[in-house]
Structures are given as structure tokens and as C-alpha cells.
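Enquirer: This one is my_file-v5.pdb, PDB, C-alpha atoms and all ligand atoms.
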```pdb
ATOM      1  CA  MET A   1       3.230 -17.256  38.419
ATOM      2  CA  ASN A   2      -0.383 -16.512  37.590
ATOM      3  CA  THR A   3      -0.643 -14.801  34.202
ATOM      4  CA  ILE A   4      -3.865 -12.960  33.498
ATOM      5  CA  PHE A   5      -4.719 -12.820  29.806
ATOM      6  CA  THR A   6      -6.777  -9.867  28.695
ATOM      7  CA  LEU A   7      -7.773  -8.411  25.370
ATOM      8  CA  ALA A   8      -5.442  -5.624  24.182
ATOM      9  CA  GLU A   9      -6.893  -2.240  25.123
ATOM     10  CA  ALA A  10      -6.765  -0.922  21.550
ATOM     11  CA  ILE A  11      -8.759  -3.919  20.275
ATOM     12  CA  LYS A  12     -11.414  -3.146  22.867
ATOM     13  CA  GLU A  13     -11.375   0.563  22.012
ATOM     14  CA  ARG A  14     -11.479   0.205  18.222
ATOM     15  CA  ARG A  15     -14.786   0.891  16.592
ATOM     16  CA  SER A  16     -15.770   2.126  13.164
ATOM     17  CA  THR A  17     -17.053   5.563  13.932
ATOM     18  CA  ARG A  18     -19.077   7.697  11.544
ATOM     19  CA  ALA A  19     -19.014  10.695  13.868
ATOM     20  CA  PHE A  20     -15.732  12.584  13.674
ATOM     21  CA  SER A  21     -14.728  15.685  15.596
ATOM     22  CA  SER A  22     -13.106  18.700  13.945
ATOM     23  CA  GLU A  23      -9.892  18.086  15.892
ATOM     24  CA  LYS A  24      -6.951  18.091  13.500
ATOM     25  CA  VAL A  25      -5.148  14.894  12.629
ATOM     26  CA  THR A  26      -1.520  15.637  11.832
ATOM     27  CA  GLU A  27       0.593  14.180   9.047
ATOM     28  CA  GLU A  28       2.749  12.670  11.804
ATOM     29  CA  MET A  29      -0.252  10.735  13.144
ATOM     30  CA  ILE A  30      -1.144   9.477   9.674
ATOM     31  CA  LYS A  31       2.443   8.353   9.163
ATOM     32  CA  LEU A  32       2.208   6.326  12.380
ATOM     33  CA  LEU A  33      -0.851   4.550  10.986
ATOM     34  CA  PHE A  34       1.180   3.658   7.899
ATOM     35  CA  GLU A  35       4.016   2.512  10.142
ATOM     36  CA  ALA A  36       1.540   0.106  11.785
ATOM     37  CA  ALA A  37       0.473  -1.148   8.341
ATOM     38  CA  ARG A  38       4.115  -1.560   7.413
ATOM     39  CA  TRP A  39       4.640  -4.232  10.067
ATOM     40  CA  ALA A  40       1.682  -6.384   9.070
ATOM     41  CA  PRO A  41       2.433  -9.945   7.925
ATOM     42  CA  SER A  42       2.084 -10.845   4.258
ATOM     43  CA  ALA A  43       2.601 -13.833   1.984
ATOM     44  CA  MET A  44       6.235 -13.984   0.839
ATOM     45  CA  ASN A  45       6.638 -10.685   2.695
ATOM     46  CA  GLU A  46       5.358  -9.023  -0.485
ATOM     47  CA  GLN A  47       3.568  -6.225   1.380
ATOM     48  CA  PRO A  48       1.069  -5.891  -1.462
ATOM     49  CA  TRP A  49      -0.520  -2.724  -0.068
ATOM     50  CA  LEU A  50      -0.529   0.800  -1.385
ATOM     51  CA  TYR A  51      -2.121   3.801   0.276
ATOM     52  CA  TYR A  52      -3.140   7.103  -1.271
ATOM     53  CA  TYR A  53      -4.284   9.750   1.156
ATOM     54  CA  ALA A  54      -5.714  13.230   1.282
ATOM     55  CA  GLY A  55      -6.227  15.467   4.305
ATOM     56  CA  LYS A  56      -8.719  18.218   5.046
ATOM     57  CA  ASP A  57      -5.862  20.717   4.695
ATOM     58  CA  ASN A  58      -5.963  20.036   0.943
ATOM     59  CA  PRO A  59      -9.701  20.429   0.209
ATOM     60  CA  GLU A  60      -9.277  19.882  -3.529
ATOM     61  CA  ALA A  61      -7.674  16.455  -3.104
ATOM     62  CA  PHE A  62      -9.910  15.561  -0.141
ATOM     63  CA  ASN A  63     -13.047  16.364  -2.114
ATOM     64  CA  LYS A  64     -11.870  14.323  -5.090
ATOM     65  CA  VAL A  65     -11.615  11.239  -2.860
ATOM     66  CA  LEU A  66     -14.919  12.108  -1.182
ATOM     67  CA  GLY A  67     -16.416  12.289  -4.689
ATOM     68  CA  VAL A  68     -15.803   8.605  -5.410
ATOM     69  CA  LEU A  69     -17.728   7.420  -2.336
ATOM     70  CA  THR A  70     -21.211   6.028  -2.938
ATOM     71  CA  GLY A  71     -24.523   5.740  -1.082
ATOM     72  CA  ILE A  72     -24.697   7.411   2.297
ATOM     73  CA  ASN A  73     -20.933   7.296   2.834
ATOM     74  CA  PRO A  74     -20.117  10.875   1.726
ATOM     75  CA  GLN A  75     -22.645  12.264   4.228
ATOM     76  CA  TRP A  76     -20.577  11.251   7.227
ATOM     77  CA  ALA A  77     -17.134  10.768   5.640
ATOM     78  CA  LYS A  78     -16.978  14.484   4.804
ATOM     79  CA  ASN A  79     -16.318  15.064   8.518
ATOM     80  CA  ALA A  80     -13.215  12.862   8.576
ATOM     81  CA  GLN A  81      -9.820  14.541   8.731
ATOM     82  CA  TYR A  82      -8.175  12.176   6.268
ATOM     83  CA  LEU A  83      -9.384   9.793   3.584
ATOM     84  CA  ILE A  84      -7.061   6.961   2.671
ATOM     85  CA  VAL A  85      -7.567   4.759  -0.372
ATOM     86  CA  SER A  86      -6.219   1.253   0.285
ATOM     87  CA  VAL A  87      -5.104  -0.588  -2.825
ATOM     88  CA  ALA A  88      -3.920  -4.168  -3.349
ATOM     89  CA  ARG A  89      -1.145  -5.013  -5.821
ATOM     90  CA  LYS A  90      -2.509  -8.082  -7.575
ATOM     91  CA  PHE A  91       0.711  -9.723  -8.789
ATOM     92  CA  TYR A  92       3.769 -10.879  -6.885
ATOM     93  CA  ASP A  93       6.812  -8.686  -7.495
ATOM     94  CA  TYR A  94       9.162 -11.649  -7.157
ATOM     95  CA  ASN A  95       7.756 -13.806  -9.965
ATOM     96  CA  GLY A  96       4.985 -11.829 -11.664
ATOM     97  CA  ARG A  97       2.318 -14.436 -10.793
ATOM     98  CA  ALA A  98      -1.140 -13.595  -9.454
ATOM     99  CA  ASN A  99      -1.030 -12.988  -5.701
ATOM    100  CA  ASN A 100      -4.108 -14.726  -4.303
ATOM    101  CA  ASN A 101      -3.211 -13.487  -0.843
ATOM    102  CA  ALA A 102      -3.147  -9.814  -1.770
ATOM    103  CA  LEU A 103      -6.624  -8.977  -0.427
ATOM    104  CA  HIS A 104      -5.951 -10.937   2.741
ATOM    105  CA  ASP A 105      -2.687  -9.111   3.314
ATOM    106  CA  LEU A 106      -4.112  -5.681   2.571
ATOM    107  CA  GLY A 107      -6.885  -6.440   5.096
ATOM    108  CA  ALA A 108      -4.268  -7.398   7.686
ATOM    109  CA  ALA A 109      -2.430  -4.117   7.129
ATOM    110  CA  ASN A 110      -5.675  -2.160   7.345
ATOM    111  CA  VAL A 111      -6.590  -3.781  10.648
ATOM    112  CA  SER A 112      -3.127  -3.040  12.050
ATOM    113  CA  MET A 113      -3.784   0.549  11.073
ATOM    114  CA  ALA A 114      -7.214   0.554  12.713
ATOM    115  CA  ILE A 115      -5.856  -0.849  15.973
ATOM    116  CA  GLN A 116      -2.970   1.623  15.994
ATOM    117  CA  ALA A 117      -5.511   4.407  15.401
ATOM    118  CA  ALA A 118      -7.554   3.267  18.422
ATOM    119  CA  HIS A 119      -4.355   3.149  20.463
ATOM    120  CA  MET A 120      -3.811   6.829  19.593
ATOM    121  CA  GLY A 121      -7.365   7.870  20.467
ATOM    122  CA  LEU A 122      -8.258   8.095  16.784
ATOM    123  CA  GLN A 123     -10.810   5.946  14.967
ATOM    124  CA  VAL A 124     -11.129   4.823  11.380
ATOM    125  CA  ARG A 125     -14.031   3.511   9.341
ATOM    126  CA  GLN A 126     -13.361   1.514   6.222
ATOM    127  CA  MET A 127     -15.661   1.771   3.243
ATOM    128  CA  GLY A 128     -16.187  -0.710   0.458
ATOM    129  CA  GLY A 129     -18.912   1.606  -0.795
ATOM    130  CA  PHE A 130     -17.133   3.573  -3.497
ATOM    131  CA  ASP A 131     -16.751   3.563  -7.252
ATOM    132  CA  LYS A 132     -13.597   1.547  -7.933
ATOM    133  CA  ASP A 133     -13.282   2.656 -11.543
ATOM    134  CA  LYS A 134     -13.512   6.295 -10.524
ATOM    135  CA  ALA A 135     -10.969   5.729  -7.762
ATOM    136  CA  ALA A 136      -8.573   3.986 -10.148
ATOM    137  CA  ALA A 137      -8.961   6.833 -12.637
ATOM    138  CA  LEU A 138      -8.313   9.432  -9.922
ATOM    139  CA  LEU A 139      -5.172   7.607  -8.820
ATOM    140  CA  GLN A 140      -4.139   6.720 -12.386
ATOM    141  CA  LEU A 141      -4.002   3.027 -11.534
ATOM    142  CA  ASP A 142      -4.120   0.158 -13.994
ATOM    143  CA  ARG A 143      -7.095  -1.949 -12.837
ATOM    144  CA  GLN A 144      -5.449  -5.069 -14.309
ATOM    145  CA  LYS A 145      -2.654  -4.760 -11.783
ATOM    146  CA  PHE A 146      -4.123  -2.845  -8.882
ATOM    147  CA  GLU A 147      -7.359  -3.220  -6.936
ATOM    148  CA  PRO A 148      -8.724  -0.294  -4.911
ATOM    149  CA  VAL A 149     -10.278  -2.125  -1.936
ATOM    150  CA  THR A 150     -11.418   0.291   0.739
ATOM    151  CA  ILE A 151     -11.430   3.973   1.492
ATOM    152  CA  ILE A 152     -10.572   4.607   5.114
ATOM    153  CA  ALA A 153     -11.943   7.640   6.939
ATOM    154  CA  VAL A 154      -9.739   8.809   9.822
ATOM    155  CA  GLY A 155     -10.389  11.231  12.650
ATOM    156  CA  PHE A 156     -10.922  11.716  16.340
ATOM    157  CA  PRO A 157     -14.325  10.476  17.452
ATOM    158  CA  GLY A 158     -17.002  13.150  17.584
ATOM    159  CA  ASN A 159     -20.586  13.585  18.636
ATOM    160  CA  ALA A 160     -23.111  11.205  17.039
ATOM    161  CA  GLY A 161     -25.723  13.957  17.515
ATOM    162  CA  GLN A 162     -24.205  15.812  14.564
ATOM    163  CA  LEU A 163     -25.164  13.020  12.153
ATOM    164  CA  PRO A 164     -28.353  12.840  10.060
ATOM    165  CA  ASP A 165     -31.088  10.983  12.036
ATOM    166  CA  GLU A 166     -30.754   7.648  10.239
ATOM    167  CA  LEU A 167     -27.016   7.521  10.806
ATOM    168  CA  MET A 168     -27.307   8.755  14.382
ATOM    169  CA  GLU A 169     -29.495   5.754  15.206
ATOM    170  CA  ARG A 170     -27.077   3.330  13.571
ATOM    171  CA  GLU A 171     -24.137   4.976  15.317
ATOM    172  CA  ARG A 172     -25.786   4.625  18.711
ATOM    173  CA  ALA A 173     -27.008   1.049  18.189
ATOM    174  CA  PRO A 174     -25.221  -1.574  20.295
ATOM    175  CA  ARG A 175     -22.407  -3.359  18.468
ATOM    176  CA  THR A 176     -23.184  -7.022  17.906
ATOM    177  CA  ARG A 177     -20.954 -10.021  17.308
ATOM    178  CA  LYS A 178     -21.300 -13.755  16.771
ATOM    179  CA  SER A 179     -20.173 -15.821  19.731
ATOM    180  CA  VAL A 180     -16.745 -17.461  19.464
ATOM    181  CA  GLU A 181     -18.474 -20.888  19.401
ATOM    182  CA  GLU A 182     -20.225 -19.907  16.184
ATOM    183  CA  PHE A 183     -16.998 -19.514  14.242
ATOM    184  CA  ALA A 184     -14.278 -21.398  16.112
ATOM    185  CA  THR A 185     -14.309 -25.209  16.121
ATOM    186  CA  GLN A 186     -11.769 -27.417  17.790
ATOM    187  CA  ILE A 187     -10.673 -30.267  15.509
ATOM    188  CA  LYS A 188     -11.075 -33.477  17.510
ATOM    189  CA  HIS A 189     -10.579 -36.235  14.956
TER
HETATM  190  C1  LIG B   1     -14.180  -4.153   3.937
HETATM  191  C2  LIG B   1     -15.131  -3.268   4.708
HETATM  192  C3  LIG B   1     -16.045  -2.479   4.025
HETATM  193  C4  LIG B   1     -16.913  -1.626   4.728
HETATM  194  N1  LIG B   1     -17.726  -0.767   4.019
HETATM  195  C5  LIG B   1     -18.434   0.158   4.700
HETATM  196  C6  LIG B   1     -19.145   1.170   3.993
HETATM  197  O1  LIG B   1     -19.114   1.261   2.757
HETATM  198  N2  LIG B   1     -19.843   2.071   4.724
HETATM  199  C7  LIG B   1     -19.883   2.045   6.088
HETATM  200  O2  LIG B   1     -20.521   2.905   6.691
HETATM  201  N3  LIG B   1     -19.199   1.102   6.782
HETATM  202  C8  LIG B   1     -18.464   0.172   6.131
HETATM  203  N4  LIG B   1     -17.720  -0.744   6.837
HETATM  204  C9  LIG B   1     -17.727  -0.753   8.314
HETATM  205  C10 LIG B   1     -18.474  -1.961   8.877
HETATM  206  O3  LIG B   1     -19.865  -1.771   8.705
HETATM  207  C11 LIG B   1     -18.100  -2.153  10.372
HETATM  208  O4  LIG B   1     -16.751  -2.525  10.459
HETATM  209  C12 LIG B   1     -18.962  -3.232  11.024
HETATM  210  O5  LIG B   1     -20.301  -2.817  11.093
HETATM  211  C13 LIG B   1     -18.487  -3.588  12.440
HETATM  212  O6  LIG B   1     -18.419  -2.447  13.246
HETATM  213  P1  LIG B   1     -17.094  -2.094  14.059
HETATM  214  O7  LIG B   1     -15.965  -1.942  13.046
HETATM  215  O8  LIG B   1     -17.369  -0.809  14.779
HETATM  216  O9  LIG B   1     -16.785  -3.201  14.986
HETATM  217  C14 LIG B   1     -16.874  -1.604   6.162
HETATM  218  C15 LIG B   1     -15.938  -2.407   6.835
HETATM  219  C16 LIG B   1     -15.077  -3.222   6.139
HETATM  220  C17 LIG B   1     -14.060  -4.050   6.905
END
```
Once more with this new file: its structure as C-alpha cells, please.
Expert:
Amino acid sequence: MNTIFTLAEAIKERRSTRAFSSEKVTEEMIKLLFEAARWAPSAMNEQPWLYYYAGKDNPEAFNKVLGVLTGINPQWAKNAQYLIVSVARKFYDYNGRANNNALHDLGAANVSMAIQAAHMGLQVRQMGGFDKDKAAALLQLDRQKFEPVTIIAVGFPGNAGQLPDELMERERAPRTRKSVEEFATQIKH
């Protein structure tokens, strides 16, 4: 039998959009994104991820999260339907030691979420550009134990023409990637 290997559709479709439409994202959809995160692999199956989210239907909470974003991020993220703060738990539950895999595992869960979003016709854009101290204060998190890592904007893709000029250009620029040869090396010795 001839098997044809192709890239999963949702991996091809995923992109970090800045242009979101006003189409509503339901709580049910958001829960499916968390379900995707739930099945991500993690060291010792610790699942060291926590998510705190606010939807447009609760403007007070949504605006509080929006308020911790920095730089140009709030200018486009305000059009998202949900903002999700992704947080890593820094210590293993099972023995209390530092979990050096926590950031890795949170990233894995976030990517699962992003691919599931693309599969549903949604898109997400992660942001490292936010004030972590402000986020921790908002969420009442102990920074010794918990690390806010990204804020994830979620929505259906919209029209890039609605963005400020600078962002419109960036949004429309071709996506670039290193070639596989640049980062993957076969070990031959
Ligand atoms: C950890 C992380 C932090 C990021 N921070 C920001 C950010 O603060 N603002 C922003 O506009 N995009 C941010 N991005 C999005 C990246 O710029 C984007 O993923 C990259 O340009 C590749 O584009 P693509 O996801 O569409 O393939 C971030 C992505 C990741 C994974």
C-alpha cells in the first residue's frame, strides 16, 4: 500500500492573526481549546499549566487583562473575543522540587490549543509582551510559585484592513521560516 504523508490541515491553517472579526466565540469553543491543552504531554504527567480567561461578554474582566498588555499589543488584542493568560506552575506537585520542564510543557499545551483553534476555524495569537507583575497581581498569583508566560488572544480571523497601518503591513507580510536543513541534523557518527 502506498501511504501519502501530508501535513495536518490544522497545522497548515494555523497562523497568529492580529485581525479578529466580531463573530462571537462561545464558552463551549473556549472549553474545547482547554480540552486540547489537557491532552498535551508533560514531564511526569504534571500538567503544569494554568489558564485564566476573560471574554468580551465580561468587559470589566476583559479590559483588566487587556490592561496588562504592553507595546502595540493592546491595539489589536482589543478585537479578540477572549484573552487567556497562560501560567506555568514552577514546582512539581509530586515532590515539591523545581520543575525545569514547566515552560516546555506549558508551551506544548499552548500549541495544542492553537492547532485545535485552527481546526475550528478560530485563530490565536500568543503574546509575551505583557507586564508579568501586573498579571500576577490581577490573578493573585505568588510569583515564587507561578510564572505568567503568555497571554493568548482568541477569535475568528477578521479583515487586516481594520488594523492600524503599521500592523496591517505586518499582518499582510508573507510568513517566513527557516528551512528544515537549518535546524534538523541527522546524527551520523
Ligand atoms: C512565546 C510567544 C510570544 C509572542 N509574543 C508576541 C507579542 O507579544 N506580540 C505579538 O504580536 N506576537 C507575539 N507572538 C507571535 C509571534 O510573533 C508569531 O508566532 C511568529 O511571528 C510566527 O508567526 P505565526 O505564528 O503566524 O506562524 C508571540 C509568540 C510566541 C510563541
Enquirer: Which one is closest to Phe20 in chain A: A:Thr185, A:Asn99, A:Asn79, A:Gln144? Count all atoms listed in the file.
Expert: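 Selected residue with least distance to Phe20 in chain A: A:Asn79.
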Enquirer: Got a sec to resolve the PyMOL selection byres (((chain A and resi 61-76) around 9) and not hetatm) on this structure and send the residues as a PyMOL selection string?
Expert: chain A and resi 18-20+53-60+77-85+127-135+138+151+163-164+167
Enquirer: Between CA of Val87 in chain A and CA of Gly155 in chain A, what is the distance in Å, rounded to a tenth?
Expert: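 We find that CA of Val87 in chain A and CA of Gly155 in chain A lie 20.2 Å from each other.
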Enquirer: Can you list, as a ChimeraX atom specification, the residues that the PyMOL selection byres (((chain A and resi 34-46) around 10) and not hetatm) selects here?
Expert: /A:28-33,47-51,89,91-94,99-102,104-117
Enquirer: Residues within 7 Å of (-8.5, 14.0, 16.8), file coordinates, counting all atoms listed in the file: what are they? Give the list as a ChimeraX atom specification.
Expert: /A:21,23-25,122,155-157
Enquirer: What is the atom P1 of ligand LIG 1 (chain B) to CA of Arg15 in chain A distance in Å?
Expert: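 So the two atoms, atom P1 of ligand LIG 1 (chain B) and CA of Arg15 in chain A, lie 4.5 Å apart.
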Enquirer: If you measure from atom C15 of ligand LIG 1 (chain B) to CA of Ile152 in chain A, what distance in Å do you get, rounded to one decimal?
Expert: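 Computing the Euclidean distance for atom C15 of ligand LIG 1 (chain B) and CA of Ile152 in chain A yields 9.0 Å.
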Enquirer: Edge lengths and centre, in Å to one decimal, as JSON: that's what I need for the box along x, y and z that holds all listed atoms of ligand LIG 1 (chain B) plus 5 Å on each side.
Expert:
```
{"center_x": -17.3, "center_y": -0.6, "center_z": 8.9, "size_x": 16.5, "size_y": 17.1, "size_z": 22.2}
```
Enquirer: List as a PyMOL selection string the residues having at least one atom at most 12 Å from position (-4.0, -0.7, 28.0) as given in the file, counting only C-alpha atoms.
Expert: chain A and resi 6-13+118-121
Enquirer: Here is a test: counting all atoms listed in the file, which residue of A:Gln186, A:Leu141, A:Thr26, A:Thr17 is nearest to Met168 in chain A?
Expert: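 Result for the nearest residue to Met168 in chain A: A:Thr17.
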Enquirer: Find, counting all atoms listed in the file, the residue in A:Gln123, A:Ser179, A:Thr3, A:Thr150 that gets nearest to ligand LIG 1 (chain B).
Expert: A:Thr150
Enquirer: Using all atoms listed in the file, which of A:Tyr52, A:Ser16, A:Ala98, A:Ile187 sits nearest Glu171 in chain A?
Expert: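 Residue with the minimum atom-to-atom distance to Glu171 in chain A: A:Ser16.
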Enquirer: Compare A:Lys90, A:Ala137, A:Ala173, A:Arg97 by their minimum atom-to-atom distance to ligand LIG 1 (chain B), counting all atoms listed in the file, and give me the closest one.
Expert: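 So, comparing all the options, the nearest one is A:Ala173.
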Enquirer: Give the answer as one residue: which of A:Lys145, A:His189, A:Gln162, A:Arg177 has the shortest atom-to-atom distance to ligand LIG 1 (chain B), using all atoms listed in the file?
Expert: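 Comparing A:Lys145, A:His189, A:Gln162, A:Arg177 against ligand LIG 1 (chain B), the winner is A:Arg177.
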Enquirer: Once N, CA, C and O atoms are restored for range 58-70 of chain A, what would the output be as a short mmCIF file (atom, residue, chain, number, x, y, z; two decimals), in the frame of the given file?
Expert:
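Saved the output as out08.cif:
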```
data_model
loop_
_atom_site.label_atom_id
_atom_site.label_comp_id
_atom_site.auth_asym_id
_atom_site.auth_seq_id
_atom_site.Cartn_x
_atom_site.Cartn_y
_atom_site.Cartn_z
N ASN A 58 -6.01 19.90 2.41
CA ASN A 58 -5.96 20.04 0.94
C ASN A 58 -7.37 19.71 0.42
O ASN A 58 -7.63 18.61 -0.04
N PRO A 59 -8.29 20.71 0.52
CA PRO A 59 -9.70 20.43 0.21
C PRO A 59 -9.91 19.89 -1.20
O PRO A 59 -10.80 19.06 -1.41
N GLU A 60 -9.08 20.33 -2.15
CA GLU A 60 -9.28 19.88 -3.53
C GLU A 60 -9.08 18.36 -3.62
O GLU A 60 -9.94 17.63 -4.14
N ALA A 61 -7.96 17.90 -3.06
CA ALA A 61 -7.67 16.45 -3.10
C ALA A 61 -8.68 15.69 -2.24
O ALA A 61 -9.19 14.63 -2.65
N PHE A 62 -8.97 16.22 -1.06
CA PHE A 62 -9.91 15.56 -0.14
C PHE A 62 -11.26 15.38 -0.83
O PHE A 62 -11.86 14.29 -0.79
N ASN A 63 -11.73 16.43 -1.48
CA ASN A 63 -13.05 16.36 -2.11
C ASN A 63 -13.07 15.42 -3.32
O ASN A 63 -14.12 14.85 -3.64
N LYS A 64 -11.94 15.28 -3.97
CA LYS A 64 -11.87 14.32 -5.09
C LYS A 64 -12.08 12.90 -4.57
O LYS A 64 -12.79 12.10 -5.17
N VAL A 65 -11.44 12.58 -3.43
CA VAL A 65 -11.62 11.24 -2.86
C VAL A 65 -13.05 11.08 -2.36
O VAL A 65 -13.71 10.07 -2.61
N LEU A 66 -13.53 12.12 -1.68
CA LEU A 66 -14.92 12.11 -1.18
C LEU A 66 -15.89 11.84 -2.35
O LEU A 66 -16.89 11.13 -2.20
N GLY A 67 -15.56 12.37 -3.51
CA GLY A 67 -16.42 12.29 -4.69
C GLY A 67 -16.55 10.88 -5.25
O GLY A 67 -17.44 10.63 -6.06
N VAL A 68 -15.68 9.96 -4.88
CA VAL A 68 -15.80 8.60 -5.41
C VAL A 68 -16.62 7.70 -4.47
O VAL A 68 -16.95 6.57 -4.82
N LEU A 69 -16.92 8.22 -3.28
CA LEU A 69 -17.73 7.42 -2.34
C LEU A 69 -19.17 7.31 -2.84
O LEU A 69 -19.65 8.22 -3.53
N THR A 70 -19.84 6.23 -2.47
CA THR A 70 -21.21 6.03 -2.94
C THR A 70 -22.19 5.91 -1.76
O THR A 70 -21.77 5.80 -0.61
#
```
